[in-house]
>>> print(open('coords.tsv').read())   # TSV, C-alpha atoms
chain	number	residue	atom	x	y	z
Q	20	MET	CA	174.82	144.75	-61.62
Q	21	GLY	CA	175.50	146.50	-58.32
Q	22	ALA	CA	171.91	146.07	-57.18
Q	23	PHE	CA	172.12	142.31	-57.62
Q	24	SER	CA	175.63	141.78	-56.30
Q	25	TRP	CA	174.23	140.10	-53.21
Q	26	LEU	CA	173.02	137.23	-55.44
Q	27	ARG	CA	176.53	136.25	-56.46
Q	28	PRO	CA	177.94	133.49	-54.24
Q	29	GLY	CA	181.32	133.59	-52.58
Q	30	ASN	CA	181.46	137.03	-50.99
Q	31	ASP	CA	180.42	135.98	-47.48
Q	32	ARG	CA	183.80	136.74	-45.94
Q	33	GLN	CA	183.94	140.11	-47.65
Q	34	LEU	CA	180.46	141.02	-46.40
Q	35	ALA	CA	181.36	139.88	-42.90
Q	36	ALA	CA	184.47	142.04	-42.93
Q	37	THR	CA	182.78	145.15	-44.33
Q	38	GLN	CA	179.01	145.32	-43.99
Q	39	TYR	CA	178.60	143.33	-40.77
Q	40	ALA	CA	181.76	144.45	-38.99
Q	41	GLY	CA	181.11	145.21	-35.34
Q	42	GLN	CA	177.73	143.45	-35.25
Q	43	GLU	CA	177.06	140.58	-32.89
Q	44	SER	CA	176.72	137.22	-34.64
Q	45	ALA	CA	173.55	135.19	-34.25
Q	46	SER	CA	175.30	132.46	-32.29
Q	47	ASP	CA	176.96	135.01	-29.99
Q	48	ARG	CA	173.59	136.69	-29.41
Q	49	ALA	CA	171.90	133.35	-28.65
Q	50	SER	CA	174.56	132.37	-26.12
Q	51	ARG	CA	174.42	135.82	-24.50
Q	52	LYS	CA	170.62	135.58	-24.19
Q	53	ARG	CA	170.94	132.08	-22.71
Q	54	ARG	CA	173.47	133.31	-20.13
Q	55	GLU	CA	171.28	136.29	-19.24
Q	56	ALA	CA	168.22	134.07	-18.79
Q	57	TYR	CA	170.20	131.69	-16.58
Q	58	ARG	CA	171.53	134.50	-14.42
Q	59	ALA	CA	168.05	136.00	-14.07
Q	60	ARG	CA	166.61	132.62	-13.06
Q	61	VAL	CA	169.37	132.01	-10.52
Q	62	ALA	CA	168.89	135.48	-9.07
Q	63	ARG	CA	165.14	134.94	-8.86
Q	64	GLU	CA	164.93	131.31	-7.68
Q	65	GLY	CA	168.40	130.37	-6.58
Q	66	ASP	CA	170.52	127.67	-8.14
Q	67	ASN	CA	168.50	124.73	-6.89
Q	68	PRO	CA	167.38	122.58	-9.83
Q	69	SER	CA	165.55	120.04	-7.64
Q	70	ARG	CA	163.26	122.78	-6.33
Q	71	ALA	CA	162.43	123.90	-9.87
Q	72	LEU	CA	161.84	120.29	-10.94
Q	73	ARG	CA	159.37	119.70	-8.11
Q	74	ARG	CA	157.52	122.86	-8.99
Q	75	ARG	CA	157.13	121.75	-12.62
Q	76	GLN	CA	155.71	118.36	-11.60
Q	77	VAL	CA	152.97	119.78	-9.41
>>> encode(input="coords.tsv", output="structure tokens")
Amino acid sequence: MGAFSWLRPGNDRQLAATQYAGQESASDRASRKRREAYRARVAREGDNPSRALRRRQV
């Protein structure tokens, strides 16, 4: 039964507290990646959205 314990519903909170403790959640990772991409773009191009918009239209 131990091998198939992951099939039983209702232990999500227990798994989160034990097996996945200390790991970054998917939503936290996505928001971190979005922030990093924004910072990299601003550092590369500057925070000027109109300039980027013109470049996309050409």
>>> atom_distance(input="coords.tsv", atom1="CA of Leu34 (chain Q)", atom2="CA of Ala49 (chain Q)")
21.1 Å
>>> atom_distance(input="coords.tsv", atom1="CA of Trp25 (chain Q)", atom2="CA of Thr37 (chain Q)")
13.3 Å
>>> atom_distance(input="coords.tsv", atom1="CA of Ala22 (chain Q)", atom2="CA of Ser44 (chain Q)")
24.7 Å
